[in-house]
Amino acid sequence: MGHVTAPVLLLLGRGKDSNSERGVDCPGDLPAPSDPGLVERAAAAKAALGDRVFVLGHHYQRDEVIQFADVTGDSFKLAREAAARPDAEFIVFCGVHFMAESADILTTDAQRVVLPDLAAGCSMADMAVLEQVEQCWDLLSDLGIADDVVPVTYMNSSADIKGFVGRNGGVVCTSSNAKRALDWAYAQGEKVPGADAKQSATKVLFLPDQHLGRNTAVLEMGYSLDDCVLYDPHKPNGGLTDQQLRDAKMILWRGHCSVHGRFTLENVQAVRQQVPGVNILVHPECRHEVVTAADYVGSTEYIIKKLDAAEPGSAWAVGTELNLVRRLAAAHPDKQVMFLEKTVCYCSTMNRIDLPHLVWALEELVAGRVPNQITVDPDTAHHARVALDQMLALP
Ligand code: SF4
């Protein structure tokens with residue numbers, strides 16, 4: 001399959017906006033993608049750096065980049081791997097901006113985190129900007145309900161948003177521990193330990209992925225769709241009445257993943273018709289109706305393990321990023337692994353990290369220069385760390 005990117009996402013990364021996940025254009029002198037020596041150059045630079053460098057590769061990265069990763073994983077696993085390597089002077093993060101920020105927060109001050117292309121942002125993280133979230137919080141305060149609201153942010157958010165959440169008594173979550181994070185959040189308001197969380201006044205403000213928040217609350221915790229409201233930062237009052245905000249148990253931020261949000265119920269129905277007996281396996285960032293119609297739902301790591309354990313000869317339609325689905329199909333030739341959607345769907349910002357950018361970043365490090373360093377200011381880092389540590393301490 002060819003490399004196709006959604007034109008709208010190619011606009012990401014243009015322009016400098018310090019409040020944005022989008023980053024800026026690469027300042028470097030990149031080698032040409034056609035250079036036949038790129039693989040050798042990357043290997044040579046990495047060998048020259050030895051243990052001084054540790055290369056992290058997210059599961060959605062291209063094959064040409066993944067081959068140089070010391071470890072692969074989802075965003076949370078990679079942040080922990082970075083934190084577990086205090087001796088590595090440089091962490092080269094082949095992923096997107098918010099992941100590199102988390103790595104910077106969790107590593108020592110002496111370590112430097114490098115993102116090979118600063119334009120590798122995340123459209124979902126971009127959908128929650130600190131100013132907007134503060135406006136929302138002011139609105140909840142004016143309504144007199146902010147004290148009952150516990151903010152929870154998905155890992156896929158900027159350090160600013162994680163800092164806001166830490167400052168306001170909340171927690172970070174991943175797609176693997178969202179239910180545990182929400183259980184903890186609702187329990188914060190319980191006057192009587194062990195009381196039914198649904199009876200308490202506590203609400204959650206869930207950022208920035210509406211789908212993960214809704215899917216977890218409704219499918220895993222027994223809340224109804226009516227318990228959830230959708231806060232649109234581009235509308236006055238979030239597009240909600242005061243009463244809707246007062247009545248809600250779950251205030252969902254209007255954000256979504258541009259990749260997982262593409263899968264539709266029609267995709268699920270079509271593949272079931274075409275491939276009798278197929279197992280549908282999707283990520284919880286998919287829309288509610290897709291997740292409800294699927295057979296299995298789980299994080300990237302869950303998807304990988306599920307296919308590892310699948311019976312030879314079984315058929316799987318997978319609703320997640322295409323680089324990963326292609327690698328899974330190649331890793332399981334004894335199983336029928338297909339993409340849930342007919343049209344090609346990579347994460348275009350993840351795909352910005354290509355071999356020329358990696359070669360450039362590694363060669364700069366060999367030359368004694370630190371390119372594209374990602375740093376989070378100490379105050380934001382402190383509060384974001386509080387919210388991350390709260391996640392690590394979840395029961
Ligand atoms: S796959 Fe979705 S959530 Fe992940 S980096 Fe891309 S846009 Fe962001």
# chains A, B, ... in the order shown; residues from 1 in each chain; ligands from 1
call {"tool": "residues_around", "arguments": {"residues": "Leu30 of chain A", "least_positions_apart": "2", "cutoff": "12 Å", "atoms": "only C-alpha atoms", "output": "list in words"}}
result
Asp25, Cys26, Pro27, Gly28, Ala32, Pro33, Ser34, Asp35, Leu38, Pro116, Asp117, Ile353, Asp354, Leu355, Pro356, His357, Leu358, Val359, Trp360, Ala361, Leu362, Glu363 and Glu364 of chain A
call {"tool": "residues_near_ligand", "arguments": {"ligand": "ligand 1", "cutoff": "7 Å", "atoms": "only C-alpha atoms and all ligand atoms", "output": "number ranges by chain"}}
result
A: 96, 121-125, 156, 257-260, 321, 347-350
call {"tool": "write_last_selection", "arguments": {"atoms": "C-alpha atoms", "output": "CSV table (one decimal), in the first residue's frame"}}
result
chain,number,residue,atom,x,y,z
A,96,VAL,CA,4.7,13.0,18.5
A,121,GLY,CA,2.3,17.1,16.6
A,122,CYS,CA,-1.0,15.5,17.4
A,123,SER,CA,-4.3,16.8,16.1
A,124,MET,CA,-6.2,15.4,19.1
A,125,ALA,CA,-3.8,17.1,21.6
A,156,ASN,CA,-2.6,12.4,24.5
A,257,CYS,CA,-8.3,11.4,17.1
A,258,SER,CA,-8.2,12.1,13.3
A,259,VAL,CA,-7.2,8.5,12.6
A,260,HIS,CA,-9.5,6.5,14.9
A,321,GLU,CA,-3.4,3.2,12.8
A,347,CYS,CA,-1.5,9.2,11.3
A,348,SER,CA,0.0,11.9,9.1
A,349,THR,CA,1.8,13.6,12.0
A,350,MET,CA,3.3,10.4,13.3
call {"tool": "residues_around", "arguments": {"residues": "segment 270-287 of chain A", "least_positions_apart": "4", "cutoff": "9 Å", "atoms": "only C-alpha atoms", "output": "NGL selection string"}}
result
:A and (175 or 209-216 or 256-257 or 259-266 or 291-300 or 302-303 or 306 or 314-320 or 336 or 340-341)
call {"tool": "write_last_selection", "arguments": {"atoms": "N, CA and C atoms", "output": "compact mmCIF listing (two decimals), in the first residue's frame"}}
result
# COMPACT_ATOMS: atom_id res chain seq x y z
N SER A 175 -5.20 4.70 27.53
CA SER A 175 -6.35 3.91 27.09
C SER A 175 -6.39 2.57 27.83
N ASP A 209 -10.12 13.60 24.59
CA ASP A 209 -10.75 12.65 23.66
C ASP A 209 -12.16 12.26 24.13
N GLN A 210 -13.16 12.83 23.49
CA GLN A 210 -14.54 12.52 23.88
C GLN A 210 -14.84 11.03 23.78
N HIS A 211 -14.23 10.36 22.78
CA HIS A 211 -14.61 8.96 22.56
C HIS A 211 -14.10 8.05 23.67
N LEU A 212 -12.84 8.23 24.07
CA LEU A 212 -12.32 7.40 25.16
C LEU A 212 -13.13 7.65 26.44
N GLY A 213 -13.45 8.91 26.70
CA GLY A 213 -14.23 9.24 27.90
C GLY A 213 -15.61 8.60 27.86
N ARG A 214 -16.28 8.76 26.74
CA ARG A 214 -17.65 8.22 26.62
C ARG A 214 -17.64 6.69 26.65
N ASN A 215 -16.74 6.10 25.89
CA ASN A 215 -16.70 4.64 25.83
C ASN A 215 -16.41 4.03 27.19
N THR A 216 -15.52 4.66 27.93
CA THR A 216 -15.18 4.12 29.25
C THR A 216 -16.34 4.29 30.22
N HIS A 256 -11.07 14.62 19.36
CA HIS A 256 -11.06 13.24 18.87
C HIS A 256 -9.76 12.99 18.10
N CYS A 257 -9.48 11.74 17.87
CA CYS A 257 -8.31 11.38 17.06
C CYS A 257 -8.71 11.36 15.60
N VAL A 259 -7.39 9.85 13.23
CA VAL A 259 -7.25 8.52 12.62
C VAL A 259 -8.39 7.62 13.10
N HIS A 260 -8.50 7.43 14.40
CA HIS A 260 -9.52 6.50 14.92
C HIS A 260 -10.94 7.02 14.71
N GLY A 261 -11.09 8.34 14.63
CA GLY A 261 -12.41 8.92 14.41
C GLY A 261 -12.95 8.65 13.02
N ARG A 262 -12.10 8.13 12.13
CA ARG A 262 -12.55 7.87 10.76
C ARG A 262 -13.37 6.59 10.63
N PHE A 263 -13.17 5.66 11.54
CA PHE A 263 -13.89 4.38 11.40
C PHE A 263 -15.37 4.59 11.69
N THR A 264 -16.20 3.90 10.89
CA THR A 264 -17.65 4.08 11.02
C THR A 264 -18.34 2.75 11.25
N LEU A 265 -19.58 2.85 11.67
CA LEU A 265 -20.41 1.65 11.84
C LEU A 265 -20.54 0.92 10.50
N GLU A 266 -20.62 1.68 9.42
CA GLU A 266 -20.74 1.06 8.09
C GLU A 266 -19.51 0.20 7.79
N VAL A 291 -17.28 1.15 18.55
CA VAL A 291 -16.82 0.34 19.68
C VAL A 291 -17.93 -0.61 20.14
N THR A 292 -19.17 -0.10 20.14
CA THR A 292 -20.30 -0.94 20.57
C THR A 292 -20.51 -2.11 19.61
N ALA A 293 -20.25 -1.87 18.33
CA ALA A 293 -20.48 -2.93 17.33
C ALA A 293 -19.30 -3.89 17.20
N ALA A 294 -18.15 -3.52 17.79
CA ALA A 294 -16.95 -4.36 17.65
C ALA A 294 -17.01 -5.56 18.60
N ASP A 295 -16.12 -6.53 18.37
CA ASP A 295 -16.05 -7.70 19.27
C ASP A 295 -15.09 -7.45 20.42
N TYR A 296 -14.02 -6.75 20.14
CA TYR A 296 -12.99 -6.50 21.17
C TYR A 296 -12.54 -5.05 21.10
N VAL A 297 -12.30 -4.48 22.26
CA VAL A 297 -11.89 -3.08 22.33
C VAL A 297 -10.71 -2.98 23.28
N GLY A 298 -9.67 -2.28 22.88
CA GLY A 298 -8.57 -2.11 23.82
C GLY A 298 -7.45 -1.26 23.24
N SER A 299 -6.50 -0.95 24.11
CA SER A 299 -5.37 -0.09 23.77
C SER A 299 -4.50 -0.77 22.71
N THR A 300 -3.53 -0.02 22.24
CA THR A 300 -2.60 -0.55 21.24
C THR A 300 -1.91 -1.81 21.75
N TYR A 302 -3.03 -3.85 23.95
CA TYR A 302 -4.05 -4.91 24.01
C TYR A 302 -4.24 -5.51 22.61
N ILE A 303 -4.31 -4.66 21.60
CA ILE A 303 -4.51 -5.13 20.23
C ILE A 303 -3.37 -6.06 19.82
N LYS A 306 -3.71 -9.36 21.70
CA LYS A 306 -4.88 -10.11 21.23
C LYS A 306 -4.52 -10.88 19.95
N SER A 314 -7.66 -17.61 12.01
CA SER A 314 -8.75 -16.70 12.35
C SER A 314 -8.60 -15.38 11.57
N ALA A 315 -9.73 -14.69 11.43
CA ALA A 315 -9.74 -13.45 10.64
C ALA A 315 -10.00 -12.25 11.56
N TRP A 316 -9.24 -11.18 11.33
CA TRP A 316 -9.30 -9.99 12.21
C TRP A 316 -9.35 -8.73 11.38
N ALA A 317 -10.34 -7.89 11.66
CA ALA A 317 -10.37 -6.55 11.06
C ALA A 317 -10.04 -5.58 12.18
N VAL A 318 -8.97 -4.81 11.98
CA VAL A 318 -8.43 -4.02 13.08
C VAL A 318 -8.64 -2.53 12.83
N GLY A 319 -9.21 -1.87 13.80
CA GLY A 319 -9.47 -0.43 13.69
C GLY A 319 -8.46 0.36 14.48
N THR A 320 -7.27 0.52 13.90
CA THR A 320 -6.27 1.41 14.50
C THR A 320 -5.35 1.90 13.39
N GLN A 336 -5.55 -14.00 9.20
CA GLN A 336 -5.98 -13.01 8.22
C GLN A 336 -6.18 -11.68 8.96
N LEU A 340 -9.68 -2.17 9.08
CA LEU A 340 -11.14 -2.05 9.15
C LEU A 340 -11.71 -1.12 8.09
N GLU A 341 -10.91 -0.18 7.63
CA GLU A 341 -11.41 0.79 6.66
C GLU A 341 -10.78 0.52 5.30
call {"tool": "residues_around", "arguments": {"residues": "Glu101 of chain A", "least_positions_apart": "6", "cutoff": "9 Å", "atoms": "only C-alpha atoms", "output": "PDB file with C-alpha atoms, in the first residue's frame"}}
result
ATOM      1  CA  VAL A 113      14.791  14.695  24.696  1.00  0.00           C
ATOM      2  CA  SER A 158      -0.036  18.774  25.876  1.00  0.00           C
ATOM      3  CA  ALA A 159       2.079  19.261  29.009  1.00  0.00           C
ATOM      4  CA  ILE A 374      11.771  19.342  23.761  1.00  0.00           C
ATOM      5  CA  THR A 375      11.623  21.043  27.128  1.00  0.00           C
ATOM      6  CA  VAL A 376       8.733  21.698  29.462  1.00  0.00           C
ATOM      7  CA  ALA A 381       6.458  20.066  34.504  1.00  0.00           C
TER       8      ALA A 381
END
call {"tool": "residues_around", "arguments": {"residues": "Phe164 of chain A", "least_positions_apart": "2", "cutoff": "9 Å", "atoms": "only C-alpha atoms", "output": "number ranges by chain"}}
result
A: 130, 133-134, 151, 159-162, 166-170, 380, 383-384, 387
call {"tool": "select_by_dssp", "arguments": {"residues": "segment 122-335 of chain A", "states": "strand (DSSP E or B)", "output": "ChimeraX atom specification"}}
result
/A:149-154,171-173,203-207,228-231,250-253,279-282,296-297,315-319
call {"tool": "select_by_dssp", "arguments": {"residues": "segment 99-270 of chain A", "states": "helix (DSSP H, G or I)", "output": "compact mmCIF listing (two decimals) with N, CA and C atoms, in the first residue's frame"}}
result
# COMPACT_ATOMS: atom_id res chain seq x y z
N MET A 99 4.27 13.25 23.47
CA MET A 99 4.99 12.10 24.03
C MET A 99 6.40 12.52 24.46
N ALA A 100 7.02 13.34 23.61
CA ALA A 100 8.37 13.82 23.94
C ALA A 100 8.30 14.71 25.18
N GLU A 101 7.23 15.49 25.31
CA GLU A 101 7.06 16.32 26.52
C GLU A 101 6.98 15.43 27.76
N SER A 102 6.16 14.38 27.68
CA SER A 102 6.04 13.48 28.84
C SER A 102 7.38 12.86 29.18
N ALA A 103 8.15 12.50 28.15
CA ALA A 103 9.48 11.93 28.40
C ALA A 103 10.36 12.96 29.10
N ASP A 104 10.27 14.22 28.67
CA ASP A 104 11.08 15.26 29.32
C ASP A 104 10.68 15.42 30.79
N ILE A 105 9.38 15.35 31.06
CA ILE A 105 8.89 15.50 32.44
C ILE A 105 9.38 14.34 33.31
N LEU A 106 9.42 13.15 32.74
CA LEU A 106 9.73 11.96 33.55
C LEU A 106 11.22 11.63 33.61
N SER A 123 -3.14 15.98 16.29
CA SER A 123 -4.33 16.80 16.08
C SER A 123 -5.28 16.70 17.28
N MET A 124 -5.31 15.55 17.95
CA MET A 124 -6.18 15.44 19.12
C MET A 124 -5.68 16.35 20.25
N ALA A 125 -4.39 16.29 20.52
CA ALA A 125 -3.84 17.13 21.60
C ALA A 125 -4.09 18.61 21.29
N ASP A 126 -4.02 18.96 20.00
CA ASP A 126 -4.28 20.35 19.58
C ASP A 126 -5.69 20.82 19.90
N LEU A 130 -4.78 25.26 26.54
CA LEU A 130 -4.90 25.65 27.95
C LEU A 130 -5.91 26.78 28.18
N GLU A 131 -5.83 27.80 27.34
CA GLU A 131 -6.75 28.95 27.50
C GLU A 131 -8.21 28.50 27.47
N GLN A 132 -8.52 27.62 26.53
CA GLN A 132 -9.92 27.14 26.41
C GLN A 132 -10.32 26.35 27.66
N VAL A 133 -9.40 25.54 28.15
CA VAL A 133 -9.72 24.70 29.30
C VAL A 133 -9.91 25.59 30.54
N GLU A 134 -9.10 26.65 30.64
CA GLU A 134 -9.26 27.57 31.76
C GLU A 134 -10.60 28.31 31.68
N GLN A 135 -11.02 28.63 30.46
CA GLN A 135 -12.34 29.28 30.28
C GLN A 135 -13.45 28.35 30.74
N CYS A 136 -13.32 27.09 30.38
CA CYS A 136 -14.31 26.09 30.78
C CYS A 136 -14.36 26.00 32.30
N TRP A 137 -13.18 26.00 32.91
CA TRP A 137 -13.11 25.88 34.38
C TRP A 137 -13.74 27.10 35.04
N ASP A 138 -13.51 28.28 34.46
CA ASP A 138 -14.13 29.51 34.99
C ASP A 138 -15.64 29.41 34.93
N LEU A 139 -16.13 28.84 33.84
CA LEU A 139 -17.58 28.67 33.68
C LEU A 139 -18.12 27.75 34.77
N LEU A 140 -17.41 26.64 35.00
CA LEU A 140 -17.85 25.70 36.04
C LEU A 140 -17.79 26.36 37.42
N SER A 141 -16.79 27.21 37.62
CA SER A 141 -16.67 27.93 38.90
C SER A 141 -17.85 28.89 39.06
N ASP A 142 -18.17 29.62 37.98
CA ASP A 142 -19.29 30.57 38.05
C ASP A 142 -20.60 29.85 38.36
N ALA A 146 -17.43 23.81 40.18
CA ALA A 146 -16.04 23.41 39.92
C ALA A 146 -15.48 22.53 41.04
N ASP A 147 -15.93 22.79 42.28
CA ASP A 147 -15.41 21.98 43.40
C ASP A 147 -15.82 20.52 43.30
N ASP A 148 -16.88 20.26 42.54
CA ASP A 148 -17.34 18.87 42.38
C ASP A 148 -16.71 18.20 41.16
N ALA A 159 1.60 19.14 27.62
CA ALA A 159 2.08 19.26 29.01
C ALA A 159 1.28 20.34 29.74
N ASP A 160 0.88 21.39 29.02
CA ASP A 160 0.07 22.45 29.63
C ASP A 160 -1.21 21.90 30.25
N ILE A 161 -1.86 21.01 29.49
CA ILE A 161 -3.13 20.45 29.96
C ILE A 161 -2.88 19.48 31.12
N LYS A 162 -1.82 18.70 31.02
CA LYS A 162 -1.49 17.81 32.15
C LYS A 162 -1.19 18.65 33.40
N GLY A 163 -0.51 19.78 33.20
CA GLY A 163 -0.21 20.67 34.32
C GLY A 163 -1.49 21.23 34.93
N PHE A 164 -2.43 21.62 34.09
CA PHE A 164 -3.72 22.14 34.57
C PHE A 164 -4.41 21.08 35.43
N VAL A 165 -4.39 19.87 34.94
CA VAL A 165 -5.06 18.77 35.64
C VAL A 165 -4.38 18.50 36.99
N GLY A 166 -3.06 18.51 36.99
CA GLY A 166 -2.33 18.30 38.24
C GLY A 166 -2.61 19.41 39.25
N ARG A 167 -2.70 20.64 38.74
CA ARG A 167 -2.95 21.81 39.60
C ARG A 167 -4.36 21.75 40.22
N ALA A 178 -8.00 3.86 31.74
CA ALA A 178 -9.00 4.93 31.83
C ALA A 178 -10.07 4.60 32.88
N LYS A 179 -10.48 3.33 32.96
CA LYS A 179 -11.52 3.00 33.94
C LYS A 179 -11.00 3.19 35.37
N ARG A 180 -9.78 2.74 35.60
CA ARG A 180 -9.22 2.89 36.96
C ARG A 180 -9.08 4.38 37.32
N ALA A 181 -8.68 5.18 36.33
CA ALA A 181 -8.53 6.62 36.59
C ALA A 181 -9.89 7.25 36.89
N LEU A 182 -10.92 6.83 36.16
CA LEU A 182 -12.26 7.39 36.40
C LEU A 182 -12.82 6.91 37.74
N ASP A 183 -12.59 5.65 38.07
CA ASP A 183 -13.03 5.15 39.39
C ASP A 183 -12.41 6.01 40.49
N TRP A 184 -11.12 6.27 40.34
CA TRP A 184 -10.41 7.08 41.33
C TRP A 184 -11.00 8.49 41.37
N ALA A 185 -11.24 9.07 40.19
CA ALA A 185 -11.74 10.45 40.12
C ALA A 185 -13.10 10.57 40.81
N TYR A 186 -14.01 9.64 40.48
CA TYR A 186 -15.34 9.71 41.10
C TYR A 186 -15.26 9.48 42.61
N ALA A 187 -14.31 8.65 43.02
CA ALA A 187 -14.19 8.37 44.46
C ALA A 187 -13.71 9.60 45.24
N ALA A 197 -20.63 5.74 43.61
CA ALA A 197 -20.13 6.95 42.97
C ALA A 197 -21.23 7.67 42.19
N LYS A 198 -22.20 6.89 41.68
CA LYS A 198 -23.25 7.51 40.87
C LYS A 198 -24.14 8.42 41.70
N GLN A 199 -24.18 8.16 43.01
CA GLN A 199 -25.03 8.98 43.88
C GLN A 199 -24.32 10.25 44.33
N GLN A 210 -13.16 12.83 23.49
CA GLN A 210 -14.54 12.52 23.88
C GLN A 210 -14.84 11.03 23.78
N HIS A 211 -14.23 10.36 22.78
CA HIS A 211 -14.61 8.96 22.56
C HIS A 211 -14.10 8.05 23.67
N LEU A 212 -12.84 8.23 24.07
CA LEU A 212 -12.32 7.40 25.16
C LEU A 212 -13.13 7.65 26.44
N GLY A 213 -13.45 8.91 26.70
CA GLY A 213 -14.23 9.24 27.90
C GLY A 213 -15.61 8.60 27.86
N ARG A 214 -16.28 8.76 26.74
CA ARG A 214 -17.65 8.22 26.62
C ARG A 214 -17.64 6.69 26.65
N ASN A 215 -16.74 6.10 25.89
CA ASN A 215 -16.70 4.64 25.83
C ASN A 215 -16.41 4.03 27.19
N THR A 216 -15.52 4.66 27.93
CA THR A 216 -15.18 4.12 29.25
C THR A 216 -16.34 4.29 30.22
N ALA A 217 -16.93 5.49 30.24
CA ALA A 217 -18.02 5.76 31.19
C ALA A 217 -19.22 4.86 30.92
N VAL A 218 -19.58 4.73 29.64
CA VAL A 218 -20.81 4.02 29.30
C VAL A 218 -20.59 2.50 29.24
N LEU A 219 -19.52 2.07 28.59
CA LEU A 219 -19.36 0.63 28.38
C LEU A 219 -18.69 -0.07 29.55
N GLU A 220 -17.91 0.66 30.32
CA GLU A 220 -17.19 -0.03 31.41
C GLU A 220 -17.68 0.35 32.80
N MET A 221 -18.41 1.48 32.91
CA MET A 221 -18.76 1.93 34.25
C MET A 221 -20.26 2.03 34.49
N LEU A 225 -25.62 7.30 28.24
CA LEU A 225 -25.21 8.38 27.32
C LEU A 225 -25.76 9.72 27.83
N ASP A 226 -26.91 9.69 28.51
CA ASP A 226 -27.49 10.93 29.05
C ASP A 226 -26.68 11.49 30.22
N ASP A 227 -25.87 10.67 30.85
CA ASP A 227 -25.01 11.18 31.92
C ASP A 227 -23.85 12.00 31.35
N PRO A 236 -20.36 29.33 22.85
CA PRO A 236 -20.60 29.96 24.15
C PRO A 236 -21.15 28.92 25.13
N ASN A 237 -20.69 28.97 26.35
CA ASN A 237 -21.13 28.01 27.38
C ASN A 237 -20.85 26.56 26.98
N GLY A 238 -19.90 26.39 26.06
CA GLY A 238 -19.59 25.04 25.59
C GLY A 238 -20.71 24.42 24.79
N GLY A 239 -21.69 25.24 24.38
CA GLY A 239 -22.83 24.69 23.62
C GLY A 239 -23.83 23.99 24.53
N ASP A 242 -26.81 25.71 31.44
CA ASP A 242 -26.28 25.58 32.80
C ASP A 242 -26.80 24.29 33.44
N GLN A 243 -28.08 23.99 33.16
CA GLN A 243 -28.68 22.81 33.78
C GLN A 243 -28.00 21.52 33.27
N GLN A 244 -27.70 21.49 31.98
CA GLN A 244 -27.01 20.30 31.43
C GLN A 244 -25.67 20.10 32.14
N LEU A 245 -24.95 21.20 32.35
CA LEU A 245 -23.66 21.07 33.04
C LEU A 245 -23.85 20.62 34.48
N ARG A 246 -24.89 21.14 35.11
CA ARG A 246 -25.15 20.75 36.51
C ARG A 246 -25.53 19.27 36.62
N ASP A 247 -26.31 18.78 35.65
CA ASP A 247 -26.82 17.41 35.72
C ASP A 247 -25.80 16.35 35.28
N HIS A 260 -8.50 7.43 14.40
CA HIS A 260 -9.52 6.50 14.92
C HIS A 260 -10.94 7.02 14.71
N GLY A 261 -11.09 8.34 14.63
CA GLY A 261 -12.41 8.92 14.41
C GLY A 261 -12.95 8.65 13.02
N ARG A 262 -12.10 8.13 12.13
CA ARG A 262 -12.55 7.87 10.76
C ARG A 262 -13.37 6.59 10.63
N LEU A 265 -19.58 2.85 11.67
CA LEU A 265 -20.41 1.65 11.84
C LEU A 265 -20.54 0.92 10.50
N GLU A 266 -20.62 1.68 9.42
CA GLU A 266 -20.74 1.06 8.09
C GLU A 266 -19.51 0.20 7.79
N ASN A 267 -18.33 0.65 8.23
CA ASN A 267 -17.11 -0.15 8.03
C ASN A 267 -17.25 -1.50 8.71
N VAL A 268 -17.79 -1.47 9.93
CA VAL A 268 -17.94 -2.71 10.71
C VAL A 268 -18.94 -3.62 10.00
N GLN A 269 -20.06 -3.05 9.59
CA GLN A 269 -21.09 -3.87 8.94
C GLN A 269 -20.58 -4.45 7.62
N ALA A 270 -19.83 -3.64 6.86
CA ALA A 270 -19.34 -4.09 5.55
C ALA A 270 -18.36 -5.25 5.72
call {"tool": "residues_around", "arguments": {"residues": "Gly50 of chain A", "least_positions_apart": "4", "cutoff": "12 Å", "atoms": "only C-alpha atoms", "output": "PyMOL selection string"}}
result
chain A and resi 43-46+54-55+70+87-90+362+365-366
call {"tool": "write_last_selection", "arguments": {"atoms": "N, CA and C atoms", "output": "tab-separated table (two decimals), in the first residue's frame"}}
result
chain	number	residue	atom	x	y	z
A	43	ALA	N	22.64	3.92	11.06
A	43	ALA	CA	23.30	2.87	11.86
A	43	ALA	C	24.66	3.37	12.37
A	44	ALA	N	25.39	4.06	11.50
A	44	ALA	CA	26.72	4.54	11.89
A	44	ALA	C	26.62	5.60	12.99
A	45	ALA	N	25.65	6.52	12.84
A	45	ALA	CA	25.50	7.58	13.85
A	45	ALA	C	25.08	6.98	15.18
A	46	LYS	N	24.20	6.02	15.11
A	46	LYS	CA	23.72	5.40	16.35
A	46	LYS	C	24.87	4.64	17.04
A	54	PHE	N	19.31	6.81	23.38
A	54	PHE	CA	18.29	5.76	23.49
A	54	PHE	C	17.16	6.19	22.56
A	55	VAL	N	16.84	5.30	21.61
A	55	VAL	CA	15.84	5.66	20.59
A	55	VAL	C	14.53	4.95	20.91
A	70	ASP	N	15.31	1.36	19.95
A	70	ASP	CA	15.80	0.43	20.98
A	70	ASP	C	14.63	-0.24	21.67
A	87	ASP	N	20.90	6.87	32.42
A	87	ASP	CA	22.26	7.04	31.93
A	87	ASP	C	22.32	7.51	30.48
A	88	ALA	N	21.20	7.41	29.78
A	88	ALA	CA	21.22	7.85	28.38
A	88	ALA	C	21.13	9.37	28.34
A	89	GLU	N	22.17	9.96	27.74
A	89	GLU	CA	22.23	11.43	27.69
A	89	GLU	C	21.12	12.00	26.79
A	90	PHE	N	20.87	11.27	25.70
A	90	PHE	CA	19.89	11.75	24.73
A	90	PHE	C	18.79	10.71	24.53
A	362	LEU	N	20.29	12.22	14.51
A	362	LEU	CA	21.39	11.43	15.08
A	362	LEU	C	22.75	12.03	14.68
A	365	LEU	N	23.58	15.01	16.75
A	365	LEU	CA	24.05	14.62	18.09
A	365	LEU	C	25.52	14.18	18.04
A	366	VAL	N	25.87	13.43	17.00
A	366	VAL	CA	27.27	13.00	16.85
A	366	VAL	C	28.18	14.22	16.72
call {"tool": "residues_around", "arguments": {"residues": "Leu392 of chain A", "least_positions_apart": "6", "cutoff": "10 Å", "atoms": "only C-alpha atoms", "output": "VMD selection string"}}
result
chain A and resid 171 to 173 177 181 386
call {"tool": "decode", "arguments": {"residues": "segment 307-334 of chain A", "atoms": "C-alpha atoms", "output": "short mmCIF file (atom, residue, chain, number, x, y, z; two decimals), in the first residue's frame"}}
result
data_model
loop_
_atom_site.label_atom_id
_atom_site.label_comp_id
_atom_site.auth_asym_id
_atom_site.auth_seq_id
_atom_site.Cartn_x
_atom_site.Cartn_y
_atom_site.Cartn_z
CA LEU A 307 -3.45 -10.89 17.80
CA ASP A 308 -0.46 -12.69 19.31
CA ALA A 309 -2.88 -15.00 21.13
CA ALA A 310 -5.30 -15.46 18.21
CA GLU A 311 -5.90 -18.88 16.67
CA PRO A 312 -4.12 -19.62 13.38
CA GLY A 313 -6.59 -19.24 10.51
CA SER A 314 -8.75 -16.70 12.35
CA ALA A 315 -9.74 -13.45 10.64
CA TRP A 316 -9.30 -9.99 12.21
CA ALA A 317 -10.37 -6.55 11.06
CA VAL A 318 -8.43 -4.02 13.08
CA GLY A 319 -9.47 -0.43 13.69
CA THR A 320 -6.27 1.41 14.50
CA GLU A 321 -3.38 3.18 12.77
CA LEU A 322 -2.27 1.63 9.51
CA ASN A 323 1.50 1.35 10.10
CA LEU A 324 0.72 -0.86 13.08
CA VAL A 325 -1.92 -2.91 11.28
CA ARG A 326 0.47 -3.57 8.39
CA ARG A 327 3.20 -4.71 10.78
CA LEU A 328 0.75 -6.95 12.62
CA ALA A 329 -0.39 -8.49 9.32
CA ALA A 330 3.24 -9.19 8.41
CA ALA A 331 3.95 -10.66 11.85
CA HIS A 332 0.98 -13.05 11.64
CA PRO A 333 1.02 -14.66 8.20
CA ASP A 334 -0.99 -17.58 9.62
#
